[in-house]
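A.B. asks: Let me give you the structure first, and then I'll get to my questions.
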There are 2 protein chains.
Amino acid sequence: MLILKTITEIKNFTRKAQAQNKSTGLVPTMGYLHPGHLALVKKAVEQCDLVVVSIYVNPLQFGPREDLAAYPRDLERDSQLLQATGVDVLFIPSDKEVYPSGHNTTVTVGAALTGKLCGSQRPGHFTGVATVVTKLFNIVRPERAYFGQKDAQQVLVIQRVVQDLNMDTEIIVVPTVRESDGLARSSRNIYLNPAERQAAVILSKSLQLAQKVWQQGQRDAATICSLVIAKINTEPLAKPEYVQVYAYPDLQAVEQLNGTALLALAVRFGKTRLIDNLILEG
Amino acid sequence: MLILKTITEIKNFTRKAQAQNKSTGLVPTMGYLHPGHLALVKKAVEQCDLVVVSIYVNPLQFGPREDLAAYPRDLERDSQLLQATGVDVLFIPSDKEVYPSGHNTTVTVGAALTGKLCGSQRPGHFTGVATVVTKLFNIVRPERAYFGQKDAQQVLVIQRVVQDLNMDTEIIVVPTVRESDGLARSSRNIYLNPAERQAAVILSKSLQLAQKVWQQGQRDAATICSLVIAKINTEPLAKPEYVQVYAYPDLQAVEQLNGTALLALAVRFGKTRLIDNLILEG
């Protein structure tokens, strides 16, 4: 596995491979890899001739009061985890490489997709995501890029950017990978103390409840949200930030869910903010 | 010359040519072609194997009180003008093709470049330009794209986008083409009545004055602007909107011009707004 740090190097490398008709897959990550990331990598290795994993903790997608400085980093462990996976290139640019002096361009998706859920709690977050993903796609020119369903709104924003800016990259969405007790894998799980870690299982349990009432025919958005919130609140350490249901994939507000819907939630455990979601197939 | 109207068609066409290592040049225009555009086309034909001209009056770069509906259009004349030039493809997408239902992504360059000159007079204008140019570059994937120096701030914004979003396109800037009396060629010149047309020569005359005092050693920005405004005001039909000097190419405000500077102006003649500029080489 080649490790490249500059945009010039990785552009040269991928352009050469692409001139030989090799299909390129990109797995953009912020590192501190877990089995969720490795599921993305596995899919990419199956589908592409050349696989690039990027590790970059993108400051533009963190708010001023968020956990940029604390975000877990362990590059040595990450590269060891990737060694045996079949990844061809690990791209680890510096901040100066991604946002050199004078950088002044952003990519923004409008409020219909970004003015709700995490977008309303984290102003500027999705502009940061859309900007860095646009840059990475222009740098690597992947035929396919891989993202986890755990970040459901992020997936919708990136699909929107690719479609609207007429990019050639196909977005492959990989199901959420969970711990054995149901907790969605996240680099931020490391923040949880043992009590919070145990409490956090309430997220997947509340989604399972929603899935059950959905299968029983419940289609009232407010009722589903209330049931989920009540379930989360049975856990004293859990502080719900939002629990919401929207039509999927356009995230339109709906009272009665006639088609497919997204149930998404963000819950705090102490200082740690976790998200999870469920697509209710209509 | 092939005429293509859909993004799928032109993507297929350019990708095939690029797979055969043909270099592609793009000349993005809003049509109603004049010798300024044809100078861009000539340069592109000299430098590239495959030349694409796009004609699209981009609604996103017009403000609600601007001349979108009135903007001159003559596709038949435009295609005749291009016939003998060596252009390979004329791309004329519809609004629905460029901005289909649900389109919700924009590309924005920050205020350091866009919060002054035309950017402060035309809010949202450069976001419209940056967005459509990003789309066109992703569609055509040109090795080079051609823009006129007449739109000096537009050139700087597009260069910023290309650099910041890590695109592979080189921006080629072609000198302003002028009428025999000095008026910069513009599709909007057609709006001028005969008296206004005669009056509009004051723009290039005022720039010539600035060039003269610059050569004589004048480096005080305010003095140069005052001289230019006074010259413009000798013409009763001319209503200056702005006359400003900034350091070039970063558009920083400076009182004493130590390096290269951009003198840019926008002046109204009746309902018609004309721009022109001069780079003062330091």
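So you can find residues: chains in the structure tokens are A, B, ... in the order shown, residues in each start at 1, and ligands are numbered from 1 in order.
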Pick out each residue of stretch 52-270 of chain A that DSSP on the backbone tags as helix (DSSP H, G or I); I need them as a PyMOL selection string.
C.D. replies: chain A and resi 59-61+75-83+95-98+111-114+118-121+125-140+152-164+187-191+194-199+202-215+221-233
A.B. asks: Give the superposed chain A as a tab-separated table (two decimals) with C-alpha atoms, in the first residue's frame, the fit being least squares on chain B over all ordered C-alpha pairs.
C.D. replies:
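The file below, part_3.tsv, is the result:
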```
chain	number	residue	atom	x	y	z
A	1	MET	CA	-19.77	21.44	-36.32
A	2	LEU	CA	-21.86	19.15	-34.18
A	3	ILE	CA	-24.69	20.71	-32.17
A	4	LEU	CA	-25.44	18.91	-28.88
A	5	LYS	CA	-28.19	19.77	-26.43
A	6	THR	CA	-27.95	17.23	-23.64
A	7	ILE	CA	-25.34	16.69	-20.95
A	8	THR	CA	-25.33	12.96	-21.62
A	9	GLU	CA	-24.51	13.51	-25.30
A	10	ILE	CA	-21.66	15.92	-24.71
A	11	LYS	CA	-20.22	13.85	-21.87
A	12	ASN	CA	-20.17	10.79	-24.11
A	13	PHE	CA	-18.63	12.75	-26.96
A	14	THR	CA	-15.87	14.42	-24.94
A	15	ARG	CA	-15.04	11.32	-22.91
A	16	LYS	CA	-14.51	9.34	-26.12
A	17	ALA	CA	-12.21	12.02	-27.53
A	18	GLN	CA	-10.33	12.26	-24.25
A	19	ALA	CA	-9.83	8.47	-24.17
A	20	GLN	CA	-7.98	8.99	-27.48
A	21	ASN	CA	-5.78	11.59	-25.76
A	22	LYS	CA	-7.35	14.52	-27.58
A	23	SER	CA	-6.94	17.76	-25.65
A	24	THR	CA	-10.23	19.55	-25.16
A	25	GLY	CA	-10.75	23.32	-25.09
A	26	LEU	CA	-13.94	24.90	-23.78
A	27	VAL	CA	-15.20	28.40	-24.58
A	28	PRO	CA	-18.17	29.05	-22.26
A	29	THR	CA	-20.35	31.90	-23.56
A	30	MET	CA	-23.82	33.37	-23.18
A	31	GLY	CA	-24.08	33.68	-26.96
A	32	TYR	CA	-24.82	36.71	-29.12
A	33	LEU	CA	-21.26	36.25	-30.23
A	34	HIS	CA	-18.97	39.15	-31.12
A	35	PRO	CA	-15.28	39.41	-32.07
A	36	GLY	CA	-14.33	39.11	-28.37
A	37	HIS	CA	-15.82	35.62	-28.27
A	38	LEU	CA	-14.27	34.78	-31.62
A	39	ALA	CA	-10.82	35.70	-30.26
A	40	LEU	CA	-11.39	33.11	-27.50
A	41	VAL	CA	-12.46	30.54	-30.09
A	42	LYS	CA	-9.44	31.25	-32.29
A	43	LYS	CA	-7.08	30.73	-29.36
A	44	ALA	CA	-8.85	27.50	-28.40
A	45	VAL	CA	-8.65	26.15	-31.95
A	46	GLU	CA	-4.92	26.94	-32.04
A	47	GLN	CA	-4.22	25.18	-28.73
A	48	CYS	CA	-6.61	22.20	-28.58
A	49	ASP	CA	-7.49	19.10	-30.60
A	50	LEU	CA	-11.18	19.38	-29.81
A	51	VAL	CA	-12.98	22.66	-29.22
A	52	VAL	CA	-16.36	22.98	-27.52
A	53	VAL	CA	-18.24	26.28	-27.43
A	54	SER	CA	-21.16	26.46	-25.02
A	55	ILE	CA	-23.96	28.98	-25.37
A	56	TYR	CA	-26.08	29.25	-22.27
A	57	VAL	CA	-27.67	32.35	-20.74
A	58	ASN	CA	-27.28	31.25	-17.13
A	59	PRO	CA	-30.24	32.48	-15.04
A	60	LEU	CA	-28.34	31.85	-11.79
A	61	GLN	CA	-25.93	34.71	-12.49
A	62	PHE	CA	-28.66	37.31	-13.09
A	63	GLY	CA	-30.24	39.22	-10.22
A	64	PRO	CA	-34.03	39.59	-9.99
A	65	ARG	CA	-33.86	43.15	-11.41
A	66	GLU	CA	-31.30	42.40	-14.09
A	67	ASP	CA	-31.60	41.81	-17.83
A	68	LEU	CA	-32.08	38.03	-18.03
A	69	ALA	CA	-35.21	38.23	-20.18
A	70	ALA	CA	-33.82	41.04	-22.35
A	71	TYR	CA	-30.35	39.52	-22.78
A	72	PRO	CA	-29.77	39.32	-26.57
A	73	ARG	CA	-30.05	35.88	-28.15
A	74	ASP	CA	-29.55	34.84	-31.79
A	75	LEU	CA	-28.64	31.21	-32.00
A	76	GLU	CA	-28.87	31.01	-35.78
A	77	ARG	CA	-26.42	33.87	-36.29
A	78	ASP	CA	-24.14	32.45	-33.57
A	79	SER	CA	-23.91	29.04	-35.21
A	80	GLN	CA	-23.22	30.64	-38.59
A	81	LEU	CA	-20.42	32.70	-37.05
A	82	LEU	CA	-18.89	29.54	-35.57
A	83	GLN	CA	-19.15	27.43	-38.75
A	84	ALA	CA	-15.86	28.50	-40.30
A	85	THR	CA	-13.83	28.74	-37.08
A	86	GLY	CA	-12.85	25.10	-36.57
A	87	VAL	CA	-15.10	24.58	-33.56
A	88	ASP	CA	-16.04	20.90	-33.22
A	89	VAL	CA	-19.05	21.05	-30.93
A	90	LEU	CA	-21.62	23.70	-30.07
A	91	PHE	CA	-23.28	22.84	-26.76
A	92	ILE	CA	-26.64	24.56	-26.22
A	93	PRO	CA	-28.36	23.07	-23.18
A	94	SER	CA	-31.82	24.11	-21.99
A	95	ASP	CA	-32.50	25.50	-18.51
A	96	LYS	CA	-34.13	22.18	-17.61
A	97	GLU	CA	-30.98	20.36	-18.65
A	98	VAL	CA	-28.65	22.58	-16.58
A	99	TYR	CA	-30.92	23.09	-13.56
A	100	PRO	CA	-33.37	20.18	-13.43
A	101	SER	CA	-36.05	20.07	-10.77
A	102	GLY	CA	-34.51	19.68	-7.32
A	103	HIS	CA	-31.18	21.29	-8.26
A	104	ASN	CA	-29.90	22.72	-5.00
A	105	THR	CA	-26.10	23.05	-5.07
A	106	THR	CA	-24.03	26.21	-5.46
A	107	VAL	CA	-20.33	27.03	-5.59
A	108	THR	CA	-19.33	30.22	-3.80
A	109	VAL	CA	-16.10	32.20	-3.64
A	110	GLY	CA	-15.73	34.29	-0.48
A	111	ALA	CA	-15.94	38.05	-0.12
A	112	ALA	CA	-12.20	38.72	-0.46
A	113	LEU	CA	-12.68	38.29	-4.22
A	114	THR	CA	-16.45	38.70	-4.65
A	115	GLY	CA	-17.43	41.35	-2.07
A	116	LYS	CA	-16.24	44.26	-4.23
A	117	LEU	CA	-16.50	45.66	-7.77
A	118	CYS	CA	-19.28	43.85	-9.67
A	119	GLY	CA	-19.69	41.41	-6.77
A	120	SER	CA	-20.98	44.11	-4.43
A	121	GLN	CA	-23.29	45.55	-7.10
A	122	ARG	CA	-24.63	42.19	-8.22
A	123	PRO	CA	-25.23	39.96	-5.14
A	124	GLY	CA	-25.16	36.29	-6.07
A	125	HIS	CA	-23.75	36.99	-9.53
A	126	PHE	CA	-20.42	35.27	-8.96
A	127	THR	CA	-22.04	32.32	-7.19
A	128	GLY	CA	-24.06	31.89	-10.38
A	129	VAL	CA	-20.91	32.12	-12.48
A	130	ALA	CA	-18.88	29.78	-10.26
A	131	THR	CA	-21.69	27.21	-10.16
A	132	VAL	CA	-22.32	27.06	-13.90
A	133	VAL	CA	-18.61	27.04	-14.73
A	134	THR	CA	-18.01	24.19	-12.26
A	135	LYS	CA	-20.84	22.27	-13.91
A	136	LEU	CA	-19.54	22.95	-17.43
A	137	PHE	CA	-16.01	21.94	-16.44
A	138	ASN	CA	-17.30	18.68	-14.94
A	139	ILE	CA	-19.39	18.02	-18.04
A	140	VAL	CA	-16.72	18.78	-20.67
A	141	ARG	CA	-13.56	18.15	-18.58
A	142	PRO	CA	-11.58	20.65	-20.65
A	143	GLU	CA	-7.81	20.75	-20.47
A	144	ARG	CA	-8.11	24.50	-21.11
A	145	ALA	CA	-10.98	26.98	-20.85
A	146	TYR	CA	-11.01	30.44	-22.39
A	147	PHE	CA	-12.24	33.69	-20.87
A	148	GLY	CA	-11.90	37.35	-21.82
A	149	GLN	CA	-9.92	39.86	-19.79
A	150	LYS	CA	-12.89	42.25	-20.15
A	151	ASP	CA	-14.51	40.33	-17.27
A	152	ALA	CA	-11.46	40.69	-15.01
A	153	GLN	CA	-13.17	39.81	-11.73
A	154	GLN	CA	-14.89	36.82	-13.32
A	155	VAL	CA	-11.49	35.53	-14.43
A	156	LEU	CA	-10.11	35.84	-10.89
A	157	VAL	CA	-13.15	34.08	-9.40
A	158	ILE	CA	-12.93	31.21	-11.87
A	159	GLN	CA	-9.18	30.82	-11.33
A	160	ARG	CA	-9.89	30.67	-7.59
A	161	VAL	CA	-12.58	27.98	-8.03
A	162	VAL	CA	-10.33	25.86	-10.24
A	163	GLN	CA	-7.47	26.08	-7.77
A	164	ASP	CA	-9.58	25.59	-4.63
A	165	LEU	CA	-11.67	22.71	-5.98
A	166	ASN	CA	-8.55	21.05	-7.45
A	167	MET	CA	-9.81	20.98	-11.00
A	168	ASP	CA	-7.47	20.07	-13.85
A	169	THR	CA	-8.50	22.87	-16.21
A	170	GLU	CA	-6.08	25.62	-17.18
A	171	ILE	CA	-7.71	29.05	-17.51
A	172	ILE	CA	-6.52	30.92	-20.59
A	173	VAL	CA	-7.19	34.65	-20.45
A	174	VAL	CA	-7.48	36.46	-23.78
A	175	PRO	CA	-7.05	40.26	-24.09
A	176	THR	CA	-10.13	42.43	-24.44
A	177	VAL	CA	-11.21	42.98	-28.05
A	178	ARG	CA	-12.28	46.56	-28.80
A	179	GLU	CA	-14.18	48.48	-31.46
A	180	SER	CA	-12.05	50.79	-33.59
A	181	ASP	CA	-12.89	53.71	-31.28
A	182	GLY	CA	-11.84	51.74	-28.18
A	183	LEU	CA	-15.16	50.49	-26.80
A	184	ALA	CA	-14.76	46.99	-25.36
A	185	ARG	CA	-16.81	44.42	-27.26
A	186	SER	CA	-19.80	43.22	-25.27
A	187	SER	CA	-23.10	41.57	-26.14
A	188	ARG	CA	-24.72	44.35	-24.12
A	189	ASN	CA	-23.44	47.09	-26.49
A	190	ILE	CA	-26.53	46.33	-28.60
A	191	TYR	CA	-28.64	47.98	-25.88
A	192	LEU	CA	-27.02	51.40	-26.51
A	193	ASN	CA	-28.84	54.02	-28.56
A	194	PRO	CA	-26.64	56.02	-31.00
A	195	ALA	CA	-25.96	58.83	-28.51
A	196	GLU	CA	-25.09	56.38	-25.73
A	197	ARG	CA	-22.90	54.39	-28.10
A	198	GLN	CA	-20.93	57.51	-28.91
A	199	ALA	CA	-20.73	58.47	-25.23
A	200	ALA	CA	-19.50	55.00	-24.21
A	201	VAL	CA	-16.10	55.65	-25.76
A	202	ILE	CA	-15.36	57.62	-22.58
A	203	LEU	CA	-14.65	54.29	-20.81
A	204	SER	CA	-11.61	53.38	-22.86
A	205	LYS	CA	-10.51	57.02	-22.97
A	206	SER	CA	-10.57	57.21	-19.18
A	207	LEU	CA	-8.56	53.98	-18.95
A	208	GLN	CA	-6.02	55.41	-21.40
A	209	LEU	CA	-5.69	58.43	-19.10
A	210	ALA	CA	-5.05	56.12	-16.15
A	211	GLN	CA	-2.43	54.23	-18.16
A	212	LYS	CA	-0.71	57.51	-18.98
A	213	VAL	CA	-0.52	58.80	-15.38
A	214	TRP	CA	0.60	55.33	-14.25
A	215	GLN	CA	3.44	55.45	-16.76
A	216	GLN	CA	4.33	58.91	-15.44
A	217	GLY	CA	4.75	57.32	-12.01
A	218	GLN	CA	1.44	58.01	-10.29
A	219	ARG	CA	0.89	55.24	-7.69
A	220	ASP	CA	-1.77	56.74	-5.43
A	221	ALA	CA	-4.96	54.68	-5.84
A	222	ALA	CA	-7.34	57.49	-4.81
A	223	THR	CA	-5.71	59.97	-7.18
A	224	ILE	CA	-5.95	57.56	-10.12
A	225	CYS	CA	-9.62	56.83	-9.37
A	226	SER	CA	-10.43	60.55	-9.06
A	227	LEU	CA	-8.82	61.32	-12.41
A	228	VAL	CA	-10.75	58.51	-14.08
A	229	ILE	CA	-14.07	59.52	-12.50
A	230	ALA	CA	-13.52	63.16	-13.52
A	231	LYS	CA	-12.80	62.04	-17.08
A	232	ILE	CA	-15.93	59.86	-17.19
A	233	ASN	CA	-18.01	62.73	-15.81
A	234	THR	CA	-17.03	64.93	-18.77
A	235	GLU	CA	-19.56	62.77	-20.62
A	236	PRO	CA	-23.08	63.76	-19.49
A	237	LEU	CA	-24.68	60.42	-20.48
A	238	ALA	CA	-22.22	58.41	-18.34
A	239	LYS	CA	-23.23	57.51	-14.76
A	240	PRO	CA	-20.31	55.80	-12.98
A	241	GLU	CA	-21.34	52.89	-10.72
A	242	TYR	CA	-17.83	52.20	-9.46
A	243	VAL	CA	-14.26	53.08	-10.41
A	244	GLN	CA	-11.79	51.23	-8.21
A	245	VAL	CA	-8.18	50.14	-8.03
A	246	TYR	CA	-7.07	47.00	-6.20
A	247	ALA	CA	-3.86	45.03	-5.91
A	248	TYR	CA	-3.81	42.33	-8.56
A	249	PRO	CA	-4.56	39.43	-8.53
A	250	ASP	CA	-5.66	39.17	-4.86
A	251	LEU	CA	-7.91	42.29	-5.02
A	252	GLN	CA	-6.61	43.55	-1.69
A	253	ALA	CA	-7.33	47.21	-0.96
A	254	VAL	CA	-4.17	49.32	-1.22
A	255	GLU	CA	-3.56	53.05	-1.00
A	256	GLN	CA	-0.13	53.09	-2.63
A	257	LEU	CA	0.24	50.69	-5.53
A	258	ASN	CA	3.59	49.00	-5.17
A	259	GLY	CA	2.95	46.03	-7.44
A	260	THR	CA	0.57	45.19	-10.26
A	261	ALA	CA	-2.92	46.66	-9.90
A	262	LEU	CA	-6.35	46.28	-11.46
A	263	LEU	CA	-8.31	49.38	-12.37
A	264	ALA	CA	-11.90	48.34	-12.93
A	265	LEU	CA	-15.00	50.35	-13.66
A	266	ALA	CA	-18.73	49.95	-14.25
A	267	VAL	CA	-20.67	52.80	-15.82
A	268	ARG	CA	-24.32	53.13	-16.76
A	269	PHE	CA	-25.56	54.70	-19.98
A	270	GLY	CA	-29.31	54.91	-19.63
A	271	LYS	CA	-30.40	51.40	-18.63
A	272	THR	CA	-27.23	49.80	-19.96
A	273	ARG	CA	-24.43	48.86	-17.59
A	274	LEU	CA	-20.98	48.49	-19.17
A	275	ILE	CA	-17.72	47.36	-17.57
A	276	ASP	CA	-14.10	47.72	-18.58
A	277	ASN	CA	-10.73	47.42	-16.89
A	278	LEU	CA	-7.01	47.84	-17.18
A	279	ILE	CA	-4.17	45.94	-15.57
A	280	LEU	CA	-1.49	48.36	-14.45
A	281	GLU	CA	1.70	46.34	-14.59
A	282	GLY	CA	3.91	46.94	-11.55
```
A.B. asks: Identify, with DSSP run on backbone atoms, the residues in stretch 67-110 of chain A assigned to strand (DSSP E or B), and express the list as a ChimeraX atom specification.
C.D. replies: /A:89-91,105-109
